[in-house]
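> Got a structure for you, questions after.
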Amino acid sequence: MNTTTMSSVAAAHDSRSITTGWAARGVIAGILALAILPLLPVGSFVLSIGTTAFITAIAAASLHLLIRTGHVSLGHAAFMGIGAYASVLVTMKLQLPFVVGLVAAFVAPAILALLIGPLVLRLAGKYFVLVTFLFGEIVRMVFVEWTGVTGGANGIPGVPPPHRLLLDPQAYYYFALGFAIVLVGFIGRLLSSEIGRSIDAIREGENLAECSGVPVLRMKVCIFGLSCGIVGIAGALQGHFVRYIDPTSFSMIQSLNLVVVNVIGGMYALVGPIIGTAFFMITPELLRDYVELQRVIFGVIIIVVIAFFPGGLVEIAQRRAHALRGKRKAGS
Amino acid sequence: MLSPIVIVQVVVNGVGLAAIYILVALGFTLLFGIMRVVNFAHGAFAMLGGYALYYLYSVYDAPYLLAAPVAALFVAAAALVLERFVYRRFYQKMFQSMIALLGLDMAIASTALIIWDSHERSIKPAVSEILQFGGIIVPADKLVIVAVAATALAAFYLFTHFTRAGLAMRAAAQDVETAEAQGIDTRVTYQLSFFIAIFMAALAGGFYGQTYALSPFMGERPLMMAFIVVILGGMGSIPGVALGGLLLGLGESFLSTFYGSSVSVFVSFGAVILLLVFRPWGLLGTPEK
């Protein structure tokens, strides 16, 4: 991780042009729109895209939490997978209720993260990227090789839904939306608290933060554990929604997608991963008429966004807001 | 089990693998060391090299020793267009380059999928004889690969140690600003390093396609191996790549012969993670200030 670009990007975001009132109104409007959507005559296809988007948003927001400490993980999907497998195994093999599965989905990846955290979080940014990348691959291989428990490369089919009522796509849509609101809201609250300021301080200058009394390593390990626990919940939601889990759903590609969602959206504000998720889910649908070219165009879009807006899509919005405000000032 | 014959066999296989790994990883580390670009599209260029060799050698029947370098040259020359329009924007921007080149990788691999569809092709072996020296069986094909790879690596060594352009490249790899202050035209140096890096990746891709099979997504594994070799040797260190490639190639050959391929991957990944935790700058790299 190149710290100079990071801090310059962060600096650009310090001049936040969207005021709190506006942001709050935007959030409420967005949630209302999402809540009304299933009442409109849309097919179950749209609902399923929406549900997947909420799950992706949770996962991306949890990675955002970690990124705010200055550590980009390329193995986040592995923790998502651990959560999914934990929940599925608890509900299917142990025949326990879904709630217990959900707890397992949070606890299992969080404990693993707390165990490896103290070792890997000492590493500077770019080495952390590499370690998590390899770690993710190892976890994926464990999923493949531990056939007795994980079903190997074939995965586990026939995963039960969390509740019999949640077989209905519309019900699951609201279920996932609820989780997304609560978890993303929690992350947002955490980031705007005292802890959030410590996190930003750690990213901007670890030594300075340490000197100012922030327990840097302990804080980073806790955030890492929390982030991995939340993404584990996202994994469980996905497993019980798709009703099938297999190692490829939690491979490096998926980890990379989560990073791309964050970078495309913007890395230093929580709206970033949310906008990124929307972009990531909607663009391929818009390109549906060009199925073959879909991924080519998507790849090109990623290049263009990164080349011209290193701060992500959020930066575009902020530049516009800036320009608007400039005009208003000139007018008055 | 552990007879000398088996050991020699294992070593020969290991050196064959190491040759491919070193070629891919050398380009990868060159791009990282000089331009601070994490080339996630490196595997895609290896894939293109594979297809270029397929057309020149399997379809148009050019002689192998001509087809292999010409195919790689062709890919590297075509890649210069991408250097101009994509790579140049991301020099010295490590993190952004990572994401953008991931997008590039996606674009190239998906384009390849449209052109060549997903079914696997094979490149016929350069020579089909099997050599036997007192019980040791070696496919001659493998020796040709090792020989061509060794020639390319030797040429690279001579170039970087005995020509002005090569010295400039190494100087830029050590410290770009100081190199510029000494009058090195970094733009030309960047272009040259890029060309050489892609050339080696494409060459390795041909060998890789020949050893395994050719498909639009075959680049993933060489990319991963390059990643590991580079971490093992130290990011940006050229001798580190040689050491890392040899260790990984021999280790993989040895472990997969005696314990199976999944054990070999577990052990090599695990070892690299331990190395990263305790010596993140790699075996031959230098710690950052």
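Chain lettering (A, B, ...) mirrors the order of the structure tokens, residue numbering begins at 1 for each chain separately, and ligand numbering begins at 1 in order of display.
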Compile a residue-level contact table for segment 126-242 of chain B against segment 50-54 of chain B at a cut-off of 8 Å, reporting for every qualifying residue the shortest atom pair and its distance in Å to one decimal, with only C-alpha atoms counted, rows ordered by chain and ascending number, as a Markdown table.

| residue | atom | partner | partner_atom | distance |
| --- | --- | --- | --- | --- |
| B:Ala202 | CA | B:Gly50 | CA | 6.8 |
| B:Leu203 | CA | B:Gly50 | CA | 7.7 |
| B:Gly205 | CA | B:Gly50 | CA | 4.9 |
| B:Gly206 | CA | B:Gly50 | CA | 3.9 |
| B:Phe207 | CA | B:Gly50 | CA | 7.3 |
| B:Tyr208 | CA | B:Gly50 | CA | 7.4 |
| B:Gly209 | CA | B:Gly50 | CA | 5.4 |
| B:Gln210 | CA | B:Gly50 | CA | 7.8 |
| B:Leu214 | CA | B:Gly50 | CA | 6.6 |
> Considering only C-alpha atoms, extract the chain B residues located within 10 Å of chain A and return them as a ChimeraX atom specification.
/B:36,86-87,89-90,92-114,224,227-228,231,235,262-263,265-267,269-270,272-281,288
> Residues near Val15 of chain B, anyone? I mean within 12 Å using only C-alpha atoms, not counting same-chain ones fewer than 5 positions away, as a list in words.
Val8, Gln9, Val10, Ile20, Tyr21, Ile22, Lys142, Leu143, Ile145, Val146, Ala147, Ala149, Ala150, Ala242, Leu243, Gly245, Leu246, Leu247, Leu248, Gly249, Leu250, Gly251, Glu252, Ser253 and Phe254 of chain B
> For atom CA of Leu167 of chain A and atom CA of Ala180 of chain A, quote the distance in Å rounded to one decimal.
18.8 Å
> Just give me the gap between atom CA of Phe79 of chain A and atom CA of Val38 of chain B in Å, one decimal is fine.
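Pair atom CA of Phe79 of chain A / atom CA of Val38 of chain B returns 24.2 Å.
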> Enumerate as a VMD selection string all residues of segment 149-238 of chain B assigned to helix (DSSP H, G or I) by DSSP on the backbone, naming them with the chain letters and numbers the document uses.
chain B and resid 149 to 162 164 to 174 176 to 181 186 to 211 220 to 233 238
> Would you mind reading off the distance between atom CA of Asp185 of chain B and atom CA of Ala78 of chain B, one decimal, in Å?
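Atom CA of Ala78 of chain B lies at a distance of 22.4 Å from atom CA of Asp185 of chain B.
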